[in-house]
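Q: Just entry-v6.csv, nothing more (CSV, C-alpha atoms and all ligand atoms):
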```csv
chain,number,residue,atom,x,y,z
A,1,MET,CA,-155.2,-186.5,-148.3
A,2,ASN,CA,-151.6,-187.2,-149.3
A,3,SER,CA,-149.7,-185.9,-152.3
A,4,LEU,CA,-150.3,-189.2,-154.2
A,5,GLN,CA,-154.1,-188.8,-153.9
A,6,ASN,CA,-154.0,-185.2,-154.8
A,7,ARG,CA,-152.8,-186.0,-158.3
A,8,SER,CA,-155.2,-188.9,-158.7
A,9,ILE,CA,-158.7,-189.4,-159.9
A,10,HIS,CA,-161.2,-191.3,-157.8
A,11,LEU,CA,-162.2,-194.5,-159.6
A,12,PHE,CA,-164.6,-196.3,-157.3
A,13,ARG,CA,-165.2,-197.5,-153.8
A,14,LEU,CA,-165.3,-201.3,-152.9
A,15,PHE,CA,-165.5,-202.8,-149.4
A,16,GLY,CA,-165.2,-199.3,-148.1
A,17,ILE,CA,-161.9,-198.8,-149.8
A,18,ASP,CA,-161.5,-195.8,-152.2
A,19,VAL,CA,-159.5,-196.6,-155.3
A,20,TYR,CA,-157.6,-193.8,-157.0
A,21,LEU,CA,-155.7,-193.7,-160.3
A,22,ASN,CA,-152.7,-191.5,-160.5
A,23,TRP,CA,-152.5,-189.4,-163.7
A,24,MET,CA,-149.0,-190.7,-164.4
A,25,TRP,CA,-150.7,-193.9,-165.5
A,26,ILE,CA,-151.2,-192.1,-168.8
A,27,PHE,CA,-147.5,-192.4,-169.4
A,28,ALA,CA,-147.4,-196.0,-168.3
A,29,VAL,CA,-150.2,-196.8,-170.7
A,30,VAL,CA,-148.5,-195.1,-173.6
A,31,TYR,CA,-145.3,-196.9,-172.8
A,32,PHE,CA,-146.9,-200.3,-172.6
A,33,VAL,CA,-149.2,-199.9,-175.5
A,34,PHE,CA,-146.7,-198.5,-178.1
A,35,LEU,CA,-143.3,-199.5,-176.9
A,36,ALA,CA,-143.0,-202.4,-174.5
A,37,GLY,CA,-146.3,-204.2,-174.1
A,38,PRO,CA,-146.4,-208.0,-173.9
A,39,GLY,CA,-149.2,-208.2,-176.5
A,40,PRO,CA,-149.1,-210.4,-179.6
A,41,LYS,CA,-147.1,-208.8,-182.4
A,42,HIS,CA,-149.3,-210.0,-185.3
A,43,GLY,CA,-149.6,-206.7,-187.1
A,44,LYS,CA,-149.2,-203.1,-185.8
A,45,LEU,CA,-152.8,-202.3,-184.9
A,46,GLN,CA,-153.3,-205.7,-183.3
A,47,PHE,CA,-150.2,-205.3,-181.3
A,48,GLU,CA,-151.6,-202.0,-179.9
A,49,LEU,CA,-155.1,-203.3,-179.3
A,50,TRP,CA,-153.9,-206.4,-177.4
A,51,ASN,CA,-151.5,-204.3,-175.4
A,52,VAL,CA,-154.4,-202.2,-174.3
A,53,ALA,CA,-156.0,-205.4,-173.1
A,54,SER,CA,-152.8,-206.4,-171.3
A,55,VAL,CA,-152.5,-203.0,-169.6
A,56,ILE,CA,-156.1,-203.3,-168.3
A,57,ALA,CA,-155.2,-206.8,-167.1
A,58,LEU,CA,-152.0,-205.6,-165.4
A,59,PHE,CA,-154.1,-202.8,-163.8
A,60,ALA,CA,-156.7,-205.4,-162.5
A,61,ILE,CA,-154.0,-207.7,-161.2
A,62,VAL,CA,-152.1,-204.9,-159.4
A,63,LEU,CA,-155.5,-203.8,-157.9
A,64,MET,CA,-156.3,-207.3,-156.6
A,65,HIS,CA,-152.8,-207.5,-155.1
A,66,GLU,CA,-153.4,-204.2,-153.3
A,67,PHE,CA,-156.9,-205.3,-152.1
A,68,GLY,CA,-155.0,-208.4,-150.6
A,69,HIS,CA,-152.9,-206.0,-148.5
A,70,ALA,CA,-155.9,-203.8,-147.5
A,71,LEU,CA,-158.3,-206.6,-146.6
A,72,ALA,CA,-155.6,-208.5,-144.6
A,73,CYS,CA,-154.8,-205.3,-142.7
A,74,ARG,CA,-158.5,-205.0,-141.9
A,75,SER,CA,-158.8,-208.6,-140.8
A,76,VAL,CA,-156.3,-208.0,-138.0
A,77,GLY,CA,-158.0,-204.8,-136.9
A,78,GLY,CA,-156.0,-202.3,-138.8
A,79,LYS,CA,-157.0,-199.3,-140.9
A,80,ALA,CA,-157.0,-199.5,-144.7
A,81,ASP,CA,-159.3,-197.3,-146.8
A,82,THR,CA,-157.3,-196.1,-149.7
A,83,ILE,CA,-155.6,-197.7,-152.7
A,84,VAL,CA,-153.7,-195.5,-155.2
A,85,LEU,CA,-152.7,-197.1,-158.5
A,86,TRP,CA,-149.7,-195.4,-160.0
A,87,PRO,CA,-147.3,-196.5,-162.7
A,88,LEU,CA,-144.7,-198.0,-160.5
A,89,GLY,CA,-147.3,-200.3,-158.9
A,90,GLY,CA,-150.1,-199.8,-156.6
A,91,VAL,CA,-150.0,-198.4,-153.1
A,92,ALA,CA,-152.4,-199.6,-150.4
A,93,PHE,CA,-152.4,-197.2,-147.5
A,94,VAL,CA,-152.5,-199.7,-144.7
A,95,SER,CA,-151.9,-199.1,-141.0
A,96,PRO,CA,-152.1,-202.5,-139.3
A,97,PRO,CA,-151.8,-202.8,-135.5
A,98,TRP,CA,-148.2,-202.1,-134.6
A,99,ARG,CA,-147.3,-205.7,-134.0
A,100,PRO,CA,-144.9,-207.8,-136.2
A,101,GLY,CA,-147.5,-210.5,-136.8
A,102,ALA,CA,-150.2,-208.1,-138.0
A,103,MET,CA,-147.7,-206.3,-140.1
A,104,LEU,CA,-146.4,-209.6,-141.6
A,105,TRP,CA,-149.8,-210.8,-142.6
A,106,SER,CA,-150.8,-207.4,-144.1
A,107,ILE,CA,-147.7,-207.5,-146.3
A,108,LEU,CA,-147.8,-211.2,-147.2
A,109,ALA,CA,-151.5,-211.1,-148.4
A,110,GLY,CA,-150.5,-209.0,-151.5
A,111,PRO,CA,-148.1,-211.5,-153.0
A,112,LEU,CA,-150.4,-214.3,-151.8
A,113,VAL,CA,-153.0,-213.0,-154.3
A,114,ASN,CA,-150.5,-213.4,-157.2
A,115,MET,CA,-149.6,-216.9,-155.8
A,116,ILE,CA,-153.3,-217.9,-156.1
A,117,LEU,CA,-153.6,-216.3,-159.6
A,118,ILE,CA,-150.6,-218.2,-161.0
A,119,PRO,CA,-152.0,-221.7,-160.9
A,120,ILE,CA,-155.4,-220.3,-162.2
A,121,THR,CA,-153.9,-218.5,-165.1
A,122,ALA,CA,-151.5,-221.4,-165.8
A,123,GLY,CA,-154.5,-223.7,-166.0
A,124,LEU,CA,-156.2,-221.3,-168.4
A,125,TRP,CA,-153.1,-221.4,-170.6
A,126,LEU,CA,-153.1,-225.2,-170.6
A,127,LEU,CA,-156.7,-225.1,-171.7
A,128,VAL,CA,-155.8,-222.8,-174.6
A,129,LEU,CA,-153.1,-225.3,-175.6
A,130,ARG,CA,-155.5,-228.2,-175.4
A,131,GLN,CA,-158.0,-226.3,-177.6
A,132,HIS,CA,-155.3,-225.8,-180.2
A,133,GLY,CA,-154.3,-229.5,-179.9
A,134,LEU,CA,-150.9,-228.5,-178.6
A,135,LEU,CA,-151.0,-230.0,-175.2
A,136,THR,CA,-148.3,-232.6,-174.6
A,137,ALA,CA,-147.7,-235.1,-171.9
A,138,HIS,CA,-145.4,-232.5,-170.1
A,139,PRO,CA,-147.7,-229.5,-169.5
A,140,MET,CA,-145.4,-228.0,-166.9
A,141,ALA,CA,-142.7,-227.5,-169.5
A,142,GLN,CA,-145.2,-225.9,-171.8
A,143,LEU,CA,-145.7,-223.0,-169.3
A,144,PHE,CA,-142.3,-221.7,-170.4
A,145,GLU,CA,-142.2,-222.3,-174.1
A,146,PRO,CA,-142.5,-219.0,-176.0
A,147,SER,CA,-142.4,-220.7,-179.4
A,148,LEU,CA,-146.0,-221.9,-178.7
A,149,LEU,CA,-147.2,-218.3,-178.6
A,150,ALA,CA,-147.1,-217.9,-182.4
A,151,ARG,CA,-149.5,-220.8,-182.7
A,152,VAL,CA,-152.3,-219.9,-180.3
A,153,GLY,CA,-153.8,-216.7,-181.7
A,154,ASN,CA,-154.4,-213.4,-180.0
A,155,VAL,CA,-156.7,-214.7,-177.3
A,156,GLY,CA,-154.3,-217.4,-176.3
A,157,HIS,CA,-151.5,-215.0,-176.3
A,158,PHE,CA,-153.5,-212.7,-174.0
A,159,VAL,CA,-154.2,-215.6,-171.6
A,160,TYR,CA,-150.4,-216.3,-171.5
A,161,SER,CA,-149.7,-212.7,-170.7
A,162,LEU,CA,-152.0,-213.0,-167.6
A,163,PHE,CA,-149.9,-215.9,-166.4
A,164,GLU,CA,-146.7,-214.0,-167.2
A,165,ILE,CA,-147.7,-210.8,-165.5
A,166,ASN,CA,-148.6,-212.6,-162.3
A,167,LEU,CA,-145.4,-214.6,-162.3
A,168,VAL,CA,-143.1,-211.6,-163.0
A,169,LEU,CA,-145.0,-209.4,-160.4
A,170,LEU,CA,-144.6,-212.2,-157.8
A,171,ILE,CA,-140.9,-212.9,-158.4
A,172,PHE,CA,-140.0,-209.2,-158.5
A,173,ASN,CA,-142.1,-208.3,-155.5
A,174,MET,CA,-140.6,-211.0,-153.3
A,175,LEU,CA,-137.1,-209.9,-153.7
A,176,PRO,CA,-135.9,-209.0,-150.2
A,177,VAL,CA,-135.3,-205.4,-151.2
A,178,TYR,CA,-137.1,-202.8,-149.1
A,179,PRO,CA,-139.6,-201.2,-150.1
A,180,LEU,CA,-140.7,-204.2,-152.2
A,181,ASP,CA,-143.0,-206.6,-150.4
A,182,GLY,CA,-140.1,-209.1,-149.9
A,183,GLY,CA,-138.1,-206.4,-148.1
A,184,LYS,CA,-141.1,-205.5,-145.9
A,185,ILE,CA,-141.6,-209.2,-145.1
A,186,LEU,CA,-137.9,-209.3,-144.1
A,187,TRP,CA,-138.5,-206.3,-141.9
A,188,SER,CA,-141.5,-207.8,-140.1
A,189,VAL,CA,-139.8,-211.2,-139.6
A,190,LEU,CA,-136.7,-209.5,-138.1
A,191,TRP,CA,-139.0,-207.4,-136.0
A,192,PHE,CA,-139.8,-210.5,-134.0
A,193,PHE,CA,-136.2,-210.9,-133.0
A,194,ILE,CA,-134.4,-207.5,-132.9
A,195,GLY,CA,-137.2,-205.0,-132.5
A,196,GLU,CA,-139.0,-202.8,-135.1
A,197,ALA,CA,-136.5,-200.0,-135.5
A,198,ARG,CA,-133.3,-202.2,-135.7
A,199,ALA,CA,-135.2,-204.5,-138.1
A,200,LEU,CA,-136.1,-201.5,-140.3
A,201,ARG,CA,-132.5,-200.4,-140.3
A,202,VAL,CA,-131.3,-203.8,-141.5
A,203,ALA,CA,-134.0,-204.1,-144.1
A,204,SER,CA,-133.5,-200.5,-145.4
A,205,VAL,CA,-129.7,-201.1,-145.8
A,206,ILE,CA,-130.3,-204.2,-147.8
A,207,GLY,CA,-132.9,-202.1,-149.7
A,208,MET,CA,-130.4,-199.4,-150.6
A,209,ILE,CA,-127.8,-202.0,-151.8
A,210,GLY,CA,-130.5,-203.8,-153.8
A,211,ALA,CA,-131.8,-200.6,-155.3
A,212,ALA,CA,-128.2,-199.5,-156.3
A,213,GLY,CA,-127.7,-202.9,-158.0
A,214,PHE,CA,-131.0,-202.6,-159.7
A,215,LEU,CA,-130.2,-199.1,-160.9
A,216,ILE,CA,-127.0,-200.3,-162.5
A,217,LEU,CA,-128.8,-203.1,-164.3
A,218,ALA,CA,-131.5,-200.7,-165.4
A,219,PHE,CA,-129.0,-198.3,-166.9
A,220,TYR,CA,-127.2,-201.3,-168.5
A,221,ALA,CA,-130.5,-202.4,-170.0
A,222,GLY,CA,-131.3,-198.8,-171.0
A,223,ASP,CA,-134.9,-199.2,-169.8
A,224,PHE,CA,-136.5,-196.0,-168.7
A,225,LEU,CA,-139.3,-197.7,-166.6
A,226,LEU,CA,-136.7,-199.9,-164.8
A,227,ILE,CA,-134.6,-196.8,-164.0
A,228,ALA,CA,-137.6,-195.0,-162.6
A,229,ILE,CA,-138.5,-198.0,-160.5
A,230,ALA,CA,-134.9,-198.3,-159.2
A,231,VAL,CA,-134.8,-194.6,-158.3
A,232,PHE,CA,-138.2,-194.9,-156.5
A,233,MET,CA,-136.9,-197.9,-154.5
A,234,MET,CA,-133.7,-196.0,-153.6
A,235,ILE,CA,-135.7,-192.9,-152.4
A,236,ASN,CA,-137.9,-195.2,-150.2
A,237,ALA,CA,-135.0,-197.2,-148.8
A,238,VAL,CA,-133.1,-194.1,-147.8
A,239,SER,CA,-136.2,-192.6,-146.2
A,240,ALA,CA,-136.8,-195.8,-144.3
A,241,PHE,CA,-133.2,-195.8,-143.1
A,242,ARG,CA,-133.6,-192.3,-141.8
A,243,GLN,CA,-136.9,-193.3,-140.2
A,244,ALA,CA,-135.3,-196.2,-138.5
A,245,GLY,CA,-132.6,-193.9,-137.0
A,246,ILE,CA,-135.2,-191.6,-135.6
A,247,ARG,CA,-137.2,-194.5,-134.2
A,248,GLN,CA,-134.2,-195.9,-132.5
A,249,LYS,CA,-133.7,-192.5,-130.8
A,250,VAL,CA,-137.4,-192.2,-129.9
A,251,GLN,CA,-137.2,-195.6,-128.2
A,252,GLN,CA,-134.8,-194.1,-125.6
A,253,ILE,CA,-137.4,-191.5,-124.5
A,254,PRO,CA,-139.5,-192.4,-121.4
A,255,ARG,CA,-143.3,-192.6,-121.6
A,256,THR,CA,-146.1,-190.8,-119.8
A,257,ALA,CA,-147.8,-193.6,-117.9
A,258,GLY,CA,-151.6,-194.1,-117.9
A,259,LEU,CA,-152.3,-192.9,-121.5
A,260,ALA,CA,-152.4,-194.9,-124.6
A,261,CYS,CA,-152.3,-194.3,-128.4
A,262,PRO,CA,-155.6,-195.4,-129.8
A,263,ALA,CA,-153.9,-197.3,-132.6
A,264,CYS,CA,-150.9,-199.1,-131.1
A,265,GLY,CA,-151.9,-198.9,-127.4
A,266,LEU,CA,-148.5,-197.6,-126.3
A,267,ALA,CA,-148.2,-194.7,-123.9
A,268,PRO,CA,-147.0,-191.4,-125.4
A,269,ARG,CA,-143.4,-190.3,-125.1
A,270,ARG,CA,-142.5,-187.6,-122.6
A,271,GLY,CA,-141.0,-184.4,-123.9
A,272,ASN,CA,-141.6,-181.0,-125.4
A,273,PHE,CA,-142.2,-182.2,-128.9
A,274,TRP,CA,-145.1,-179.8,-129.7
A,275,GLN,CA,-145.2,-176.1,-130.3
A,276,CYS,CA,-148.2,-174.0,-129.4
A,277,GLY,CA,-149.6,-172.2,-132.4
A,278,ALA,CA,-151.0,-169.4,-130.3
A,279,CYS,CA,-148.0,-168.4,-128.1
A,280,GLY,CA,-145.1,-170.4,-129.7
A,281,VAL,CA,-143.9,-172.2,-126.5
A,282,HIS,CA,-142.6,-175.8,-126.9
A,283,PHE,CA,-144.5,-178.1,-124.5
A,284,ASP,CA,-145.5,-181.7,-123.7
A,285,MET,CA,-149.0,-182.3,-125.1
A,286,PHE,CA,-149.8,-185.0,-122.5
A,287,ALA,CA,-148.3,-183.4,-119.4
A,288,GLY,CA,-150.7,-180.5,-119.7
A,289,HIS,CA,-153.7,-182.7,-120.6
A,290,GLY,CA,-153.8,-181.3,-124.1
A,291,HIS,CA,-153.5,-177.7,-123.1
A,292,CYS,CA,-150.6,-175.2,-123.6
A,293,PRO,CA,-149.0,-174.6,-120.2
A,294,GLN,CA,-148.4,-170.9,-121.0
A,295,CYS,CA,-151.6,-169.7,-122.8
A,296,SER,CA,-154.0,-172.6,-122.0
A,297,ALA,CA,-154.9,-173.1,-125.7
A,298,ASN,CA,-156.9,-176.3,-126.0
A,299,TYR,CA,-155.4,-179.0,-128.3
A,300,MET,CA,-157.7,-181.9,-127.3
A,301,SER,CA,-159.3,-182.1,-130.7
A,302,VAL,CA,-156.2,-181.5,-132.7
A,303,PRO,CA,-154.8,-184.5,-134.6
A,304,ILE,CA,-151.2,-185.4,-133.6
A,305,GLN,CA,-149.0,-188.3,-134.7
A,306,CYS,CA,-148.0,-191.2,-132.5
A,307,LEU,CA,-144.2,-191.3,-132.3
A,308,ASP,CA,-144.3,-195.1,-132.1
A,309,CYS,CA,-146.7,-196.2,-134.8
A,310,SER,CA,-147.1,-192.9,-136.8
A,311,THR,CA,-150.9,-193.1,-136.7
A,312,THR,CA,-152.6,-189.7,-136.5
A,313,ALA,CA,-155.4,-189.2,-133.9
A,314,PRO,CA,-156.8,-186.3,-131.9
A,315,VAL,CA,-155.1,-185.7,-128.5
A,316,SER,CA,-158.3,-186.6,-126.7
A,317,ALA,CA,-158.1,-190.2,-128.1
A,318,TRP,CA,-155.0,-190.9,-126.0
A,319,PHE,CA,-157.0,-189.9,-122.9
A,320,THR,CA,-160.1,-191.8,-123.9
A,321,VAL,CA,-158.2,-195.1,-124.1
A,322,ALA,CA,-156.6,-194.5,-120.8
A,323,THR,CA,-158.3,-195.3,-117.5
A,324,VAL,CA,-156.3,-193.1,-115.2
A,325,ASP,CA,-158.2,-189.8,-115.6
A,326,PRO,CA,-161.9,-190.4,-116.2
A,327,VAL,CA,-162.7,-186.8,-115.5
A,328,GLU,CA,-160.5,-185.5,-118.3
A,329,ALA,CA,-161.5,-188.3,-120.6
A,330,GLY,CA,-165.2,-187.4,-120.2
A,331,LYS,CA,-164.6,-183.7,-121.0
A,332,PRO,CA,-165.7,-182.6,-124.5
A,333,ALA,CA,-162.7,-181.6,-126.6
B,401,ZN,ZN,-147.6,-205.5,-152.3
B,402,ZN,ZN,-149.4,-195.4,-131.7
B,403,ZN,ZN,-149.6,-171.4,-125.9
```
Have the structure of the file written as structure tokens, please.
A:
Amino acid sequence: MNSLQNRSIHLFRLFGIDVYLNWMWIFAVVYFVFLAGPGPKHGKLQFELWNVASVIALFAIVLMHEFGHALACRSVGGKADTIVLWPLGGVAFVSPPWRPGAMLWSILAGPLVNMILIPITAGLWLLVLRQHGLLTAHPMAQLFEPSLLARVGNVGHFVYSLFEINLVLLIFNMLPVYPLDGGKILWSVLWFFIGEARALRVASVIGMIGAAGFLILAFYAGDFLLIAIAVFMMINAVSAFRQAGIRQKVQQIPRTAGLACPACGLAPRRGNFWQCGACGVHFDMFAGHGHCPQCSANYMSVPIQCLDCSTTAPVSAWFTVATVDPVEAGKPA
């Protein structure tokens, strides 16, 4: 359980993935419905009702995007069992295998969903136009003709907002600004060439510059939601920049041969990174086979985090994967 889930309600479970809704969605709904929604503005009540429909559509589209991430992550053997929808977009908690290719596919699959939905919703919009006898010989141009909206009624207007939501989400998400999908794609592509940590450093610096620019624009526009998104992006880019620095240092540390992280398959780093809860001594979890060298407290079943891929797994799992010490691996934790 992370802090996002704690403040969320469980909606449903699909393909073994639990979908949560963050309570802050209430604010987003109020904002969209009464202030900024894309709905038809034919009368006050109609505006609000159709904005409710648009919010639900936005919600469904974001959800499909997140399922794209989660299912792609699974397809390459990664772990993905939680999606949290919160006002600044969805978050699919994915841990793909720690390889640039697997990471790239897990990230690409989200925007890919919107890419598939764009021609579908554009087709629906052209159908609406045909029904109203408005379709011309140049349908592509009619995808971006707001003057038509006044002539297609509420349902037509709603169909257009589906197309618009997908298009805006895709363009925004593909900006190469970490933590947006485009920035994460940049990270995984650079990973192939300069390694994971240095790639994250580059992507997060571009992310911070992008977020700063976005923040200035958001203030200029005076849009509260855009300001919130920009601040969220900045916080994430800064945290990724710090992470990258830590990872670069971690990469200098030698490994304990013969053991392997159950998620990324890399041997654990050597060093006194752990503190015994019983006697307080700092020790190397793997040198002592999951036991404190001073008081012999057993940590085999205690979950610890891999310094390379950040996946959490019990200490014993590192021994189970390894082939070097079958006696220890067979021991109950
Ligand atoms: Zn995404
Ligand atoms: Zn690992
Ligand atoms: Zn101890």
Q: Using all atoms listed in the file, which protein or nucleic acid residues come within 9 Å of Ile61 (chain A)? Drop anything in the same chain fewer than 3 positions from it, and give the result as a list in words.
A: Ile56, Ala57, Leu58, Met64, His65, Glu66, Val113, Asn114, Leu117, Leu162, Ile165 and Asn166 of chain A
Q: Restrict the calculation to only C-alpha atoms and all ligand atoms, then for each residue of chain A with any atom at most 8 Å from an atom of ligand ZN 401 (chain B) give the closest atom pair and their distance in Å to one decimal, rows by chain and rising residue number, as CSV.
A:
```
residue,atom,partner,partner_atom,distance
A:His65,CA,B:ZN401,ZN,6.2
A:Glu66,CA,B:ZN401,ZN,6.0
A:His69,CA,B:ZN401,ZN,6.5
A:Gly90,CA,B:ZN401,ZN,7.6
A:Val91,CA,B:ZN401,ZN,7.5
A:Ala92,CA,B:ZN401,ZN,7.8
A:Ile107,CA,B:ZN401,ZN,6.3
A:Leu108,CA,B:ZN401,ZN,7.7
A:Ala109,CA,B:ZN401,ZN,7.9
A:Gly110,CA,B:ZN401,ZN,4.6
A:Pro111,CA,B:ZN401,ZN,6.1
A:Asn173,CA,B:ZN401,ZN,7.0
A:Leu180,CA,B:ZN401,ZN,7.0
A:Asp181,CA,B:ZN401,ZN,5.1
```
Q: As an exercise, work out the distance from CA of Ala122 (chain A) to CA of Met140 (chain A) in Å and give it to one decimal place.
A: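 So the answer is 9.1 Å.
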Q: At a cut-off of 7 Å from (-135.1, -197.6, -137.2) in the coordinates of the file, what residues are picked up using only C-alpha atoms, written as a VMD selection string?
A: chain A and resid 196 to 201 241 243 to 248
Q: Please identify the residues whose atoms come within 10 Å of ligand ZN 402 (chain B), using all atoms listed in the file, and report them as a PyMOL selection string.
A: chain A and resi 97-98+260-268+305-313+318
Q: Hey, what's within 12 Å of region 285-288 of chain A if we count all atoms listed in the file and toss same-chain stuff fewer than 2 positions away? As a PyMOL selection string, please?
A: chain A and resi 255-261+267-276+281-283+290-306+314-319+322+325+328
Q: Report, in Å to a single decimal, how far apart CA of Ile227 (chain A) and CA of Leu215 (chain A) are.
A: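 So the two atoms, CA of Leu215 (chain A) and CA of Ile227 (chain A), lie 5.9 Å apart.
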Q: Between CA of Asp284 (chain A) and CA of Trp191 (chain A), what is the distance, to one decimal in Å?
A: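 Result for CA of Asp284 (chain A) versus CA of Trp191 (chain A): 29.2 Å, one decimal.
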Q: If we count all atoms listed in the file, what is near Ile17 (chain A) at a cut-off of 10 Å, once residues fewer than 5 positions away on the same chain are taken out, given as a PyMOL selection string?
A: chain A and resi 12+67+70-71+80-83+92-93
Q: Which residues are close to region 19-32 of chain A, i.e. within 7 Å by only C-alpha atoms, leaving aside same-chain residues fewer than 2 positions away? Reply as a list in words.
A: Gln5, Arg7, Ser8, Ile9, His10, Leu11, Phe12, Arg13, Ile17, Phe34, Leu35, Ala36, Gly37, Asn51, Val55, Thr82, Ile83, Val84, Leu85, Trp86 and Pro87 of chain A
Q: Output C-alpha atoms of each residue in that selection to a file, as an mmCIF file, in the coordinates of the input.
A:
```cif
data_model
loop_
_atom_site.group_PDB
_atom_site.id
_atom_site.type_symbol
_atom_site.label_atom_id
_atom_site.label_comp_id
_atom_site.auth_asym_id
_atom_site.auth_seq_id
_atom_site.Cartn_x
_atom_site.Cartn_y
_atom_site.Cartn_z
ATOM 1 C CA GLN A 5 -154.100 -188.800 -153.900
ATOM 2 C CA ARG A 7 -152.800 -186.000 -158.300
ATOM 3 C CA SER A 8 -155.200 -188.900 -158.700
ATOM 4 C CA ILE A 9 -158.700 -189.400 -159.900
ATOM 5 C CA HIS A 10 -161.200 -191.300 -157.800
ATOM 6 C CA LEU A 11 -162.200 -194.500 -159.600
ATOM 7 C CA PHE A 12 -164.600 -196.300 -157.300
ATOM 8 C CA ARG A 13 -165.200 -197.500 -153.800
ATOM 9 C CA ILE A 17 -161.900 -198.800 -149.800
ATOM 10 C CA PHE A 34 -146.700 -198.500 -178.100
ATOM 11 C CA LEU A 35 -143.300 -199.500 -176.900
ATOM 12 C CA ALA A 36 -143.000 -202.400 -174.500
ATOM 13 C CA GLY A 37 -146.300 -204.200 -174.100
ATOM 14 C CA ASN A 51 -151.500 -204.300 -175.400
ATOM 15 C CA VAL A 55 -152.500 -203.000 -169.600
ATOM 16 C CA THR A 82 -157.300 -196.100 -149.700
ATOM 17 C CA ILE A 83 -155.600 -197.700 -152.700
ATOM 18 C CA VAL A 84 -153.700 -195.500 -155.200
ATOM 19 C CA LEU A 85 -152.700 -197.100 -158.500
ATOM 20 C CA TRP A 86 -149.700 -195.400 -160.000
ATOM 21 C CA PRO A 87 -147.300 -196.500 -162.700
#
```
Q: So, counting only C-alpha atoms, which residue among A:Val159, A:Val33, A:Leu148, A:Val177 is closest to Leu124 (chain A)?
A: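 Of all the options, A:Val159 lies closest to Leu124 (chain A).
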Q: Can you patch up region 281-294 of chain A, filling it in to N, CA and C atoms, and show the result as an mmCIF file, keeping the file's coordinate frame?
A:
```cif
data_model
loop_
_atom_site.group_PDB
_atom_site.id
_atom_site.type_symbol
_atom_site.label_atom_id
_atom_site.label_comp_id
_atom_site.auth_asym_id
_atom_site.auth_seq_id
_atom_site.Cartn_x
_atom_site.Cartn_y
_atom_site.Cartn_z
ATOM 1 N N VAL A 281 -144.728 -171.446 -127.504
ATOM 2 C CA VAL A 281 -143.900 -172.200 -126.500
ATOM 3 C C VAL A 281 -143.880 -173.670 -126.908
ATOM 4 N N HIS A 282 -142.740 -174.338 -126.660
ATOM 5 C CA HIS A 282 -142.600 -175.800 -126.900
ATOM 6 C C HIS A 282 -143.101 -176.480 -125.577
ATOM 7 N N PHE A 283 -143.951 -177.469 -125.740
ATOM 8 C CA PHE A 283 -144.500 -178.100 -124.500
ATOM 9 C C PHE A 283 -144.827 -179.573 -124.766
ATOM 10 N N ASP A 284 -145.115 -180.267 -123.669
ATOM 11 C CA ASP A 284 -145.500 -181.700 -123.700
ATOM 12 C C ASP A 284 -147.029 -181.746 -123.736
ATOM 13 N N MET A 285 -147.563 -182.218 -124.870
ATOM 14 C CA MET A 285 -149.000 -182.300 -125.100
ATOM 15 C C MET A 285 -149.728 -183.041 -123.976
ATOM 16 N N PHE A 286 -149.063 -184.072 -123.450
ATOM 17 C CA PHE A 286 -149.800 -185.000 -122.500
ATOM 18 C C PHE A 286 -149.598 -184.555 -121.062
ATOM 19 N N ALA A 287 -148.462 -183.885 -120.755
ATOM 20 C CA ALA A 287 -148.300 -183.400 -119.400
ATOM 21 C C ALA A 287 -149.316 -182.400 -119.007
ATOM 22 N N GLY A 288 -149.692 -181.552 -119.966
ATOM 23 C CA GLY A 288 -150.700 -180.500 -119.700
ATOM 24 C C GLY A 288 -152.091 -180.906 -120.101
ATOM 25 N N HIS A 289 -152.381 -182.195 -120.224
ATOM 26 C CA HIS A 289 -153.700 -182.700 -120.600
ATOM 27 C C HIS A 289 -154.240 -181.983 -121.849
ATOM 28 N N GLY A 290 -153.401 -181.883 -122.860
ATOM 29 C CA GLY A 290 -153.800 -181.300 -124.100
ATOM 30 C C GLY A 290 -153.988 -179.822 -124.144
ATOM 31 N N HIS A 291 -153.420 -179.164 -123.121
ATOM 32 C CA HIS A 291 -153.500 -177.700 -123.100
ATOM 33 C C HIS A 291 -152.090 -177.112 -123.019
ATOM 34 N N CYS A 292 -151.897 -175.938 -123.650
ATOM 35 C CA CYS A 292 -150.600 -175.200 -123.600
ATOM 36 C C CYS A 292 -150.417 -174.721 -122.159
ATOM 37 N N PRO A 293 -149.267 -175.010 -121.557
ATOM 38 C CA PRO A 293 -149.000 -174.600 -120.200
ATOM 39 C C PRO A 293 -148.908 -173.082 -120.019
ATOM 40 N N GLN A 294 -148.613 -172.382 -121.116
ATOM 41 C CA GLN A 294 -148.400 -170.900 -121.000
ATOM 42 C C GLN A 294 -149.695 -170.148 -121.282
#
```
